[in-house]
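A.B. asks: Data file data_30.txt (compact mmCIF, C-alpha atoms and all ligand atoms) is appended below.
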```txt
# COMPACT_ATOMS: atom_id res chain seq x y z
CA MET A 1 122.11 -75.50 -199.95
CA LEU A 2 119.81 -72.61 -200.68
CA PRO A 3 117.70 -71.68 -197.65
CA VAL A 4 113.93 -71.73 -197.71
CA ALA A 5 112.66 -68.26 -198.62
CA ALA A 6 108.96 -68.65 -197.95
CA SER A 7 107.09 -70.58 -195.30
CA GLY A 8 105.68 -73.88 -196.45
CA SER A 9 104.61 -77.27 -195.25
CA ALA A 10 107.00 -79.16 -193.00
CA MET A 11 108.80 -82.11 -194.53
CA SER A 12 106.55 -85.18 -194.39
CA ASN A 13 105.84 -88.27 -196.45
CA THR A 14 102.54 -86.87 -197.62
CA GLY A 15 104.21 -83.59 -198.56
CA SER A 16 106.90 -85.55 -200.37
CA VAL A 17 104.37 -87.32 -202.63
CA THR A 18 102.66 -84.04 -203.43
CA LEU A 19 105.94 -82.42 -204.23
CA GLU A 20 106.97 -85.31 -206.46
CA ASP A 21 103.66 -85.16 -208.33
CA ARG A 22 103.91 -81.44 -208.82
CA LEU A 23 107.50 -81.62 -210.01
CA LYS A 24 106.57 -84.36 -212.48
CA ARG A 25 103.56 -82.42 -213.72
CA GLU A 26 105.26 -79.06 -214.10
CA THR A 27 108.72 -80.00 -215.37
CA THR A 28 109.92 -82.28 -218.14
CA GLY A 29 113.25 -83.10 -216.52
CA GLU A 30 113.93 -86.28 -214.60
CA VAL A 31 112.20 -86.30 -211.21
CA LEU A 32 113.74 -89.06 -209.12
CA PHE A 33 112.15 -89.98 -205.82
CA ASP A 34 112.82 -93.73 -205.76
CA ARG A 35 115.16 -95.16 -203.18
CA PHE A 36 117.85 -96.26 -205.63
CA ASN A 37 118.25 -92.85 -207.27
CA ARG A 38 118.05 -90.98 -203.99
CA GLY A 39 120.77 -93.31 -202.76
CA ARG A 40 122.96 -92.38 -205.71
CA TYR A 41 122.71 -88.71 -204.80
CA ALA A 42 123.13 -89.36 -201.05
CA THR A 43 126.90 -89.37 -201.52
CA ASP A 44 129.58 -87.31 -203.21
CA ALA A 45 133.37 -87.40 -202.98
CA SER A 46 133.17 -86.70 -199.26
CA PHE A 47 132.58 -89.34 -196.61
CA TYR A 48 129.22 -87.82 -195.67
CA GLN A 49 125.98 -89.55 -196.60
CA ILE A 50 122.53 -87.96 -196.39
CA MET A 51 119.47 -89.28 -198.20
CA PRO A 52 117.79 -86.49 -200.18
CA ALA A 53 113.97 -86.28 -200.29
CA GLY A 54 114.25 -86.30 -204.07
CA VAL A 55 116.37 -85.35 -207.06
CA VAL A 56 115.56 -83.23 -210.11
CA VAL A 57 117.66 -83.28 -213.26
CA PRO A 58 116.35 -80.27 -215.23
CA ARG A 59 116.63 -80.02 -219.01
CA THR A 60 116.69 -76.24 -219.14
CA ILE A 61 117.64 -73.39 -216.85
CA ASP A 62 113.98 -72.31 -216.79
CA GLU A 63 113.08 -75.74 -215.52
CA ALA A 64 115.73 -75.50 -212.81
CA LEU A 65 114.20 -72.19 -211.75
CA ARG A 66 110.70 -73.68 -211.82
CA THR A 67 111.95 -76.48 -209.56
CA LEU A 68 113.34 -73.88 -207.18
CA SER A 69 109.98 -72.13 -207.13
CA ILE A 70 108.01 -75.36 -206.52
CA CYS A 71 110.38 -76.32 -203.68
CA ARG A 72 109.96 -72.85 -202.19
CA ASP A 73 106.17 -73.30 -202.19
CA ASP A 74 106.65 -76.64 -200.46
CA GLY A 75 109.10 -75.26 -197.91
CA ARG A 76 111.96 -77.50 -199.07
CA ILE A 77 115.62 -76.65 -199.11
CA VAL A 78 117.37 -77.21 -202.43
CA THR A 79 120.98 -78.19 -203.01
CA PRO A 80 122.52 -77.48 -206.42
CA ARG A 81 124.96 -80.12 -207.58
CA GLY A 82 127.56 -80.30 -210.37
CA GLY A 83 129.97 -83.22 -210.60
CA GLY A 84 129.63 -83.99 -206.88
CA THR A 85 133.42 -84.07 -206.41
CA SER A 86 133.28 -81.88 -203.30
CA GLN A 87 135.09 -83.39 -200.37
CA CYS A 88 133.31 -81.74 -197.45
CA GLY A 89 129.70 -82.83 -198.03
CA GLN A 90 128.68 -79.67 -199.91
CA THR A 91 126.29 -81.50 -202.26
CA VAL A 92 124.45 -83.83 -199.90
CA ASN A 93 121.35 -82.82 -197.98
CA ASP A 94 117.88 -84.01 -197.02
CA GLY A 95 115.94 -81.64 -199.28
CA ILE A 96 115.82 -81.64 -203.08
CA VAL A 97 119.08 -82.03 -204.99
CA ILE A 98 119.15 -80.35 -208.40
CA ASP A 99 121.70 -81.86 -210.76
CA PHE A 100 123.03 -79.31 -213.25
CA SER A 101 125.62 -81.55 -214.84
CA LYS A 102 123.52 -83.72 -217.16
CA HIS A 103 121.76 -81.22 -219.42
CA LEU A 104 122.82 -77.67 -218.47
CA ASN A 105 126.26 -77.84 -219.99
CA ARG A 106 126.39 -75.56 -223.04
CA ILE A 107 128.71 -72.73 -223.98
CA VAL A 108 126.16 -69.92 -224.33
CA SER A 109 128.51 -67.48 -226.08
CA LEU A 110 132.20 -67.11 -226.88
CA ASP A 111 134.09 -63.90 -227.57
CA VAL A 112 137.43 -65.01 -228.98
CA GLU A 113 138.79 -61.50 -229.45
CA ASN A 114 138.17 -60.42 -225.86
CA ARG A 115 138.86 -63.90 -224.51
CA THR A 116 135.63 -64.38 -222.60
CA CYS A 117 132.81 -66.88 -222.67
CA VAL A 118 129.46 -67.40 -220.98
CA VAL A 119 128.58 -70.95 -219.97
CA GLU A 120 125.81 -72.87 -218.28
CA PRO A 121 126.86 -74.02 -214.80
CA GLY A 122 126.83 -77.75 -215.55
CA ILE A 123 129.57 -77.72 -218.19
CA VAL A 124 132.49 -79.96 -217.26
CA LEU A 125 135.90 -78.28 -217.31
CA ASP A 126 137.53 -80.76 -219.72
CA ASP A 127 134.57 -80.45 -222.14
CA LEU A 128 134.81 -76.67 -222.03
CA ASN A 129 138.54 -76.75 -222.69
CA ARG A 130 138.16 -79.25 -225.53
CA GLN A 131 135.79 -76.81 -227.27
CA LEU A 132 137.93 -73.76 -226.51
CA LYS A 133 141.14 -75.38 -227.75
CA LYS A 134 139.97 -75.14 -231.38
CA ARG A 135 139.96 -71.36 -230.91
CA GLY A 136 143.41 -71.26 -229.25
CA LEU A 137 141.93 -70.56 -225.81
CA TRP A 138 141.50 -72.35 -222.49
CA PHE A 139 140.14 -71.89 -219.00
CA PRO A 140 143.19 -72.41 -216.77
CA VAL A 141 141.70 -73.20 -213.35
CA ASP A 142 142.83 -76.78 -213.78
CA VAL A 143 141.45 -78.78 -210.86
CA SER A 144 142.59 -82.41 -210.63
CA THR A 145 138.97 -83.48 -211.12
CA ALA A 146 138.76 -81.67 -214.50
CA SER A 147 137.03 -84.60 -216.20
CA ARG A 148 134.10 -84.37 -213.75
CA ALA A 149 134.12 -80.94 -212.13
CA THR A 150 131.63 -78.41 -213.50
CA ILE A 151 132.09 -74.66 -213.75
CA GLY A 152 129.10 -74.12 -211.40
CA GLY A 153 130.66 -76.41 -208.80
CA MET A 154 134.11 -74.90 -209.28
CA ALA A 155 132.64 -71.45 -208.70
CA GLY A 156 130.74 -72.80 -205.68
CA ASN A 157 133.99 -74.01 -204.11
CA ASN A 158 136.29 -71.26 -205.43
CA SER A 159 138.39 -74.02 -206.90
CA CYS A 160 141.97 -73.65 -208.00
CA GLY A 161 144.38 -75.88 -209.82
CA GLY A 162 148.05 -76.72 -210.19
CA ARG A 163 148.67 -73.57 -212.24
CA SER A 164 146.97 -71.14 -209.84
CA LEU A 165 150.36 -69.59 -209.14
CA ARG A 166 150.14 -67.96 -212.57
CA TYR A 167 146.38 -67.89 -213.33
CA GLY A 168 144.76 -67.55 -209.91
CA THR A 169 141.58 -69.13 -208.57
CA MET A 170 137.98 -69.27 -209.82
CA ARG A 171 137.37 -65.89 -208.22
CA ASP A 172 140.20 -64.36 -210.27
CA ASN A 173 138.74 -65.79 -213.49
CA THR A 174 135.03 -65.19 -212.98
CA LEU A 175 133.84 -62.00 -214.65
CA ALA A 176 130.11 -62.21 -213.88
CA MET A 177 127.33 -64.59 -212.92
CA ASP A 178 123.58 -64.75 -213.42
CA ALA A 179 121.95 -66.27 -210.38
CA ALA A 180 118.57 -66.71 -208.70
CA LEU A 181 118.09 -65.81 -205.05
CA ALA A 182 116.00 -67.96 -202.70
CA ASP A 183 112.93 -65.81 -203.45
CA GLY A 184 113.36 -66.58 -207.16
CA SER A 185 114.59 -63.16 -208.30
CA LEU A 186 117.11 -63.57 -211.09
CA LEU A 187 120.02 -61.11 -210.85
CA HIS A 188 123.14 -60.32 -212.83
CA PHE A 189 126.15 -60.27 -210.52
CA GLY A 190 129.04 -58.37 -212.08
CA GLU A 191 131.03 -55.18 -211.65
CA VAL A 192 129.15 -52.33 -210.02
CA PRO A 193 130.25 -48.75 -209.41
CA ARG A 194 130.98 -47.99 -205.78
CA ASP A 195 128.52 -45.17 -205.62
CA LEU A 196 125.36 -47.04 -206.52
CA ALA A 197 123.21 -44.28 -205.08
CA GLN A 198 124.02 -42.27 -208.22
CA VAL A 199 122.86 -44.99 -210.58
CA ASN A 200 119.43 -44.43 -212.01
CA SER A 201 118.04 -47.86 -212.72
CA SER A 202 115.07 -50.03 -212.00
CA ASP A 203 117.30 -53.08 -211.60
CA SER A 204 115.92 -55.09 -208.70
CA GLY A 205 119.39 -56.09 -207.57
CA LEU A 206 120.61 -52.58 -206.96
CA ASP A 207 119.15 -52.31 -203.46
CA LEU A 208 120.77 -55.57 -202.49
CA PHE A 209 124.12 -54.57 -203.97
CA ARG A 210 123.93 -51.16 -202.29
CA ASP A 211 123.37 -52.87 -198.91
CA MET A 212 126.22 -55.29 -199.56
CA LEU A 213 128.64 -52.50 -200.46
CA ALA A 214 127.58 -50.55 -197.36
CA LEU A 215 128.33 -53.65 -195.29
CA GLY A 216 131.76 -53.89 -196.95
CA GLU A 217 132.47 -50.25 -196.15
CA ARG A 218 131.33 -50.58 -192.54
CA GLU A 219 133.42 -53.73 -191.92
CA ALA A 220 136.45 -52.80 -194.06
CA ALA A 221 138.85 -52.37 -191.13
CA GLU A 222 137.78 -55.66 -189.52
CA ILE A 223 138.06 -57.50 -192.85
CA ALA A 224 141.55 -56.05 -193.48
CA GLU A 225 142.64 -57.12 -190.01
CA LYS A 226 141.09 -60.58 -189.83
CA PHE A 227 141.04 -62.04 -193.35
CA PRO A 228 144.14 -64.18 -194.01
CA LYS A 229 146.36 -62.76 -196.76
CA VAL A 230 146.58 -65.95 -198.78
CA GLN A 231 145.93 -66.59 -202.43
CA ARG A 232 143.14 -69.12 -201.89
CA ARG A 233 140.71 -68.92 -199.01
CA VAL A 234 137.56 -71.04 -198.90
CA GLY A 235 136.56 -70.70 -195.24
CA GLY A 236 133.50 -68.45 -195.39
CA TYR A 237 132.08 -65.84 -197.71
CA ASN A 238 134.32 -63.52 -199.75
CA LEU A 239 133.28 -60.42 -197.82
CA ASP A 240 136.55 -58.79 -198.83
CA ALA A 241 135.03 -58.48 -202.34
CA LEU A 242 132.74 -55.78 -200.91
CA VAL A 243 135.26 -53.37 -199.36
CA PRO A 244 136.06 -50.04 -201.07
CA ARG A 245 138.91 -50.24 -203.59
CA ASN A 246 140.24 -48.22 -206.50
CA ALA A 247 138.12 -50.14 -209.00
CA PRO A 248 134.53 -51.29 -209.30
CA ASN A 249 133.52 -54.13 -206.98
CA ASN A 250 132.52 -57.39 -208.62
CA MET A 251 129.41 -58.78 -206.95
CA ALA A 252 129.96 -62.20 -208.57
CA HIS A 253 133.02 -62.60 -206.35
CA LEU A 254 130.73 -62.80 -203.33
CA LEU A 255 128.95 -65.79 -204.89
CA VAL A 256 132.23 -67.53 -205.75
CA GLY A 257 133.07 -69.81 -202.81
CA SER A 258 129.58 -69.55 -201.31
CA GLU A 259 128.86 -73.25 -201.96
CA GLY A 260 125.38 -72.68 -203.33
CA THR A 261 124.16 -71.09 -200.09
CA LEU A 262 123.54 -67.58 -201.42
CA ALA A 263 122.13 -68.13 -204.88
CA PHE A 264 121.48 -70.59 -207.63
CA THR A 265 123.91 -69.97 -210.50
CA THR A 266 122.35 -70.06 -213.96
CA LYS A 267 125.20 -68.64 -216.09
CA VAL A 268 128.88 -67.87 -215.55
CA GLU A 269 131.01 -65.45 -217.57
CA LEU A 270 134.65 -66.57 -217.60
CA LYS A 271 137.96 -64.98 -218.43
CA LEU A 272 139.88 -67.11 -220.93
CA TRP A 273 143.60 -67.40 -221.68
CA PRO A 274 145.65 -68.34 -224.73
CA VAL A 275 146.57 -72.02 -224.89
CA ILE A 276 150.14 -72.71 -223.77
CA ARG A 277 151.78 -74.28 -226.80
CA ASN A 278 155.15 -75.42 -225.47
CA LYS A 279 156.25 -76.06 -221.93
CA VAL A 280 159.50 -76.51 -220.08
CA LEU A 281 159.97 -78.51 -216.90
CA GLY A 282 162.74 -77.93 -214.35
CA VAL A 283 163.22 -80.53 -211.63
CA CYS A 284 165.08 -80.21 -208.33
CA HIS A 285 165.80 -83.15 -206.05
CA PHE A 286 165.89 -82.87 -202.27
CA GLY A 287 166.94 -84.98 -199.33
CA SER A 288 164.06 -83.90 -197.11
CA PHE A 289 160.58 -82.41 -197.16
CA TYR A 290 161.77 -79.37 -195.19
CA GLN A 291 164.49 -78.58 -197.71
CA ALA A 292 161.98 -78.82 -200.58
CA MET A 293 159.51 -76.50 -198.88
CA ASP A 294 162.27 -74.05 -198.02
CA ALA A 295 163.33 -73.89 -201.68
CA ALA A 296 159.84 -72.92 -202.89
CA GLN A 297 160.41 -69.25 -202.02
CA HIS A 298 163.28 -69.15 -204.56
CA LEU A 299 161.50 -71.16 -207.24
CA VAL A 300 158.43 -68.90 -207.35
CA LYS A 301 160.66 -65.89 -208.09
CA LEU A 302 161.33 -67.45 -211.50
CA ARG A 303 157.65 -66.92 -212.28
CA PRO A 304 156.86 -70.54 -213.14
CA ILE A 305 153.34 -71.51 -214.18
CA ALA A 306 153.29 -74.24 -211.57
CA VAL A 307 155.42 -75.69 -208.79
CA GLU A 308 154.65 -79.24 -207.74
CA LEU A 309 156.12 -81.32 -204.96
CA VAL A 310 156.38 -85.06 -205.55
CA ASP A 311 157.53 -87.31 -202.71
CA ARG A 312 159.28 -90.67 -202.69
CA THR A 313 155.99 -92.59 -202.47
CA MET A 314 154.52 -90.87 -205.52
CA LEU A 315 157.73 -91.36 -207.49
CA ALA A 316 157.71 -95.06 -206.66
CA LEU A 317 154.04 -95.42 -207.60
CA GLY A 318 154.62 -93.40 -210.80
CA ARG A 319 157.43 -95.72 -211.87
CA GLU A 320 154.93 -98.59 -211.82
CA ILE A 321 152.52 -96.83 -214.21
CA ALA A 322 153.38 -97.10 -217.90
CA MET A 323 152.21 -93.64 -218.95
CA PHE A 324 154.41 -91.92 -216.33
CA GLN A 325 157.56 -93.98 -216.88
CA PRO A 326 159.01 -91.96 -219.79
CA ILE A 327 158.80 -88.58 -218.02
CA ILE A 328 160.10 -90.02 -214.74
CA GLY A 329 162.99 -91.53 -216.66
CA VAL A 330 163.91 -88.12 -218.10
CA ALA A 331 163.18 -85.90 -215.11
CA VAL A 332 164.30 -87.88 -212.07
CA ARG A 333 167.97 -88.60 -211.39
CA GLY A 334 168.80 -91.31 -208.88
CA ASP A 335 166.51 -91.93 -205.93
CA PRO A 336 165.62 -88.60 -204.28
CA ASP A 337 163.30 -88.31 -201.29
CA ILE A 338 161.44 -85.34 -202.73
CA SER A 339 161.33 -83.85 -206.17
CA ALA A 340 159.95 -80.38 -206.88
CA SER A 341 159.14 -79.54 -210.46
CA ALA A 342 158.48 -76.09 -211.80
CA GLY A 343 156.84 -75.66 -215.18
CA THR A 344 157.24 -72.56 -217.28
CA LYS A 345 157.14 -71.32 -220.85
CA PRO A 346 160.14 -72.20 -223.01
CA ASN A 347 161.08 -68.56 -223.55
CA ALA A 348 161.56 -68.12 -219.80
CA ASN A 349 164.97 -66.81 -218.88
CA GLY A 350 167.34 -69.77 -219.11
CA ALA A 351 169.98 -68.03 -217.02
CA ALA A 352 167.49 -67.58 -214.22
CA TRP A 353 166.74 -71.28 -214.34
CA SER A 354 170.41 -72.07 -214.07
CA ARG A 355 170.80 -69.67 -211.13
CA SER A 356 167.93 -71.47 -209.44
CA ARG A 357 170.21 -74.45 -209.29
CA SER A 358 172.52 -72.70 -206.85
CA ARG A 359 169.86 -70.69 -205.03
CA ALA A 360 167.08 -73.12 -204.58
CA CYS A 361 168.26 -76.59 -205.28
CA ARG A 362 171.90 -77.12 -204.59
CA PRO A 363 171.86 -76.52 -200.82
CA ALA A 364 169.33 -79.22 -200.42
CA SER A 365 170.28 -81.63 -203.08
CA PRO A 366 173.07 -83.12 -205.09
CA SER A 367 170.88 -83.46 -208.11
CA PHE A 368 169.27 -81.02 -210.52
CA ALA A 369 167.66 -81.98 -213.78
CA PRO A 370 167.82 -79.06 -216.19
CA PRO A 371 164.68 -77.73 -217.85
CA ALA A 372 163.33 -80.24 -220.34
CA SER A 373 161.07 -79.18 -223.20
CA MET A 374 157.67 -80.79 -223.28
CA SER A 375 154.98 -80.67 -225.86
C1 LIG A 401 140.52 -86.51 -205.95
C2 LIG A 401 140.07 -85.07 -205.84
C3 LIG A 401 140.93 -84.07 -206.26
C4 LIG A 401 140.54 -82.72 -206.15
N1 LIG A 401 141.40 -81.76 -206.59
C5 LIG A 401 141.03 -80.48 -206.50
C6 LIG A 401 141.90 -79.45 -207.01
O1 LIG A 401 142.96 -79.71 -207.61
N2 LIG A 401 141.52 -78.17 -206.83
C7 LIG A 401 140.34 -77.85 -206.22
O2 LIG A 401 140.05 -76.67 -206.09
N3 LIG A 401 139.49 -78.79 -205.79
C8 LIG A 401 139.80 -80.08 -205.92
N4 LIG A 401 138.92 -81.04 -205.49
C9 LIG A 401 137.61 -80.66 -204.98
C10 LIG A 401 136.54 -80.62 -206.11
O3 LIG A 401 136.86 -81.52 -207.13
C11 LIG A 401 136.44 -79.23 -206.73
O4 LIG A 401 136.05 -78.30 -205.78
C12 LIG A 401 135.50 -79.17 -207.95
O5 LIG A 401 135.73 -77.97 -208.61
C13 LIG A 401 134.04 -79.25 -207.61
O6 LIG A 401 133.28 -79.30 -208.82
P1 LIG A 401 131.93 -80.13 -208.92
O7 LIG A 401 131.26 -79.83 -210.23
O8 LIG A 401 132.14 -81.54 -208.58
O9 LIG A 401 131.09 -79.39 -207.76
P2 LIG A 401 130.08 -80.03 -206.75
O10 LIG A 401 130.86 -80.84 -205.77
O11 LIG A 401 128.95 -80.66 -207.44
O12 LIG A 401 129.56 -78.69 -206.05
C14 LIG A 401 130.44 -77.80 -205.38
C15 LIG A 401 129.64 -76.70 -204.68
O13 LIG A 401 129.07 -75.86 -205.68
C16 LIG A 401 127.66 -75.78 -205.49
N5 LIG A 401 127.03 -75.67 -206.82
C17 LIG A 401 127.08 -76.53 -207.86
N6 LIG A 401 126.36 -76.08 -208.89
C18 LIG A 401 125.83 -74.89 -208.49
C19 LIG A 401 124.96 -73.94 -209.10
N7 LIG A 401 124.49 -74.09 -210.33
N8 LIG A 401 124.60 -72.85 -208.36
C20 LIG A 401 125.06 -72.65 -207.11
N9 LIG A 401 125.89 -73.52 -206.49
C21 LIG A 401 126.26 -74.63 -207.17
C22 LIG A 401 127.27 -77.05 -204.76
O14 LIG A 401 126.07 -76.89 -204.03
C23 LIG A 401 128.47 -77.23 -203.84
O15 LIG A 401 128.33 -76.45 -202.68
C24 LIG A 401 139.28 -82.39 -205.60
C25 LIG A 401 138.39 -83.42 -205.20
C26 LIG A 401 138.79 -84.74 -205.32
C27 LIG A 401 137.82 -85.81 -204.92
```
Could I get this structure in the form of structure tokens?

C.D. replies:
Amino acid sequence: MLPVAASGSAMSNTGSVTLEDRLKRETTGEVLFDRFNRGRYATDASFYQIMPAGVVVPRTIDEALRTLSICRDDGRIVTPRGGGTSQCGQTVNDGIVIDFSKHLNRIVSLDVENRTCVVEPGIVLDDLNRQLKKRGLWFPVDVSTASRATIGGMAGNNSCGGRSLRYGTMRDNTLAMDAALADGSLLHFGEVPRDLAQVNSSDSGLDLFRDMLALGEREAAEIAEKFPKVQRRVGGYNLDALVPRNAPNNMAHLLVGSEGTLAFTTKVELKLWPVIRNKVLGVCHFGSFYQAMDAAQHLVKLRPIAVELVDRTMLALGREIAMFQPIIGVAVRGDPDISASAGTKPNANGAAWSRSRSRACRPASPSFAPPASMS
């Protein structure tokens, strides 16, 4: 939810009609104020439900920005929305919901050599990866909701996927963002030199960035002491992106994880990776959840791309589903309580994998399925 930047009329039925008329007159996107469509956007993947005043589905980024401006005049809050797969009510509100997923879903540019691309925020992860695959590249932040989740929403939530152990989170793979603030100013958020005072530019964002970096410097000790040292953290703003470090600070990393509350993302520049051609899967079986968790510390030393824990319930359910039966037949021996699988590249050190059998798996389990090649 982007806060209201300018004062405007309070929310009222009369105001709502005026706003609807103005949105319909000044944009060509879908302007949905009827009860049925508002009801559709009153929910997402969370269990929260809030009826929005209206919904706009813009056809262009300019139209999305015009909607923002009209809502500002009217004193309405706006909530940007991608696939709506958030689980904590991030995309439901009583103002105007702007749906980026239907039309704002293009790859704006692709640099194969430097493995980067710029996309509109509404592009769905699977669609992006389908297009990148032809060029031998992919975006590896592989959330489970990849067939619905959009890059704008993934950035909003600082999403991460099963392979984050190797590739990191959205923050690690976001190079820059273009975004509009609540007052409508459109800024480029990317790497900035620490000493912005030396930069001679008329860029309107510089004052803001200078203030942000000063805040990071002032609070550096507190941030170092209080911020949890974990790979993925989504509780609050990434203020640690602002503290002094031996490299330029990336202002886009402050927007990542901000759930649409700081700015309205219009473009995202992403870091891409070569497609993994062949994979190997190693599977350990355990007698208890504790033993499986305890083994993880040894498994990650093998530098796998992913480590997954699958419990007895999931194995049983998987055996009932035709598409999973072949892999379960190969990978699972007997009837373990817990199975942990670690995926890696086929050229990974085979000896290390074998050693993992004694280090990580054997104490907990009688059963170890050796690495199996997968396509
Ligand atoms: C079954 C299930 C499995 C899941 N698995 C994972 C998982 O493996 N990993 C994971 O990280 N998450 C997971 N999630 C959570 C969710 O799917 C992800 O966070 C997903 O990336 C959100 O994408 P979305 O397009 O649906 O975003 P939305 O839910 O539409 O939006 C997410 C946030 O981004 C903001 N936003 C959207 N577009 C913009 C924009 N243009 N500008 C500014 N802000 C914007 C929204 O306001 C909101 O705050 C799962 C959810 C479900 C239901």

A.B. asks: Which residues, written as a list in words, have at least one atom at most 7 Å from Cys160 (chain A), with all atoms listed in the file counted and residues fewer than 5 positions away on the same chain left out?

C.D. replies: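 Here the answer would be Val141, Asp142, Val143, Gly168, Thr169 and Met170 of chain A.
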
A.B. asks: So how many Å separate CA of Arg72 (chain A) and CA of Arg38 (chain A), to one decimal?

C.D. replies: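 Separating CA of Arg72 (chain A) from CA of Arg38 (chain A) is a distance of 19.9 Å.
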
A.B. asks: Which region 124-152 of chain A residues have any atom within 10 Å of an atom of region 93-104 of chain A, and for each, what is the nearest pair of atoms with distance in Å to one decimal, counting only C-alpha atoms, rows sorted by chain and number, as CSV?

C.D. replies:
```
residue,atom,partner,partner_atom,distance
A:Val124,CA,A:Ser101,CA,7.5
A:Arg148,CA,A:Ser101,CA,9.0
A:Ala149,CA,A:Ser101,CA,8.9
A:Thr150,CA,A:Ser101,CA,6.9
A:Ile151,CA,A:Ser101,CA,9.5
A:Gly152,CA,A:Phe100,CA,8.2
```

A.B. asks: Please identify every polymer residue within 7 Å of ligand LIG 401 (chain A), using all atoms listed in the file, and present the set as a VMD selection string.

C.D. replies: chain A and resid 1 45 79 to 87 90 to 91 100 121 to 122 142 to 145 148 to 162 259 to 260 263 to 266

A.B. asks: Restricting the calculation to only C-alpha atoms: of A:Ala292, A:Val330, A:Ala322, A:Val119, which residue gets closest to Ile107 (chain A)?

C.D. replies: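 When distances to Ile107 (chain A) are compared using only C-alpha atoms, the smallest one comes from A:Val119.
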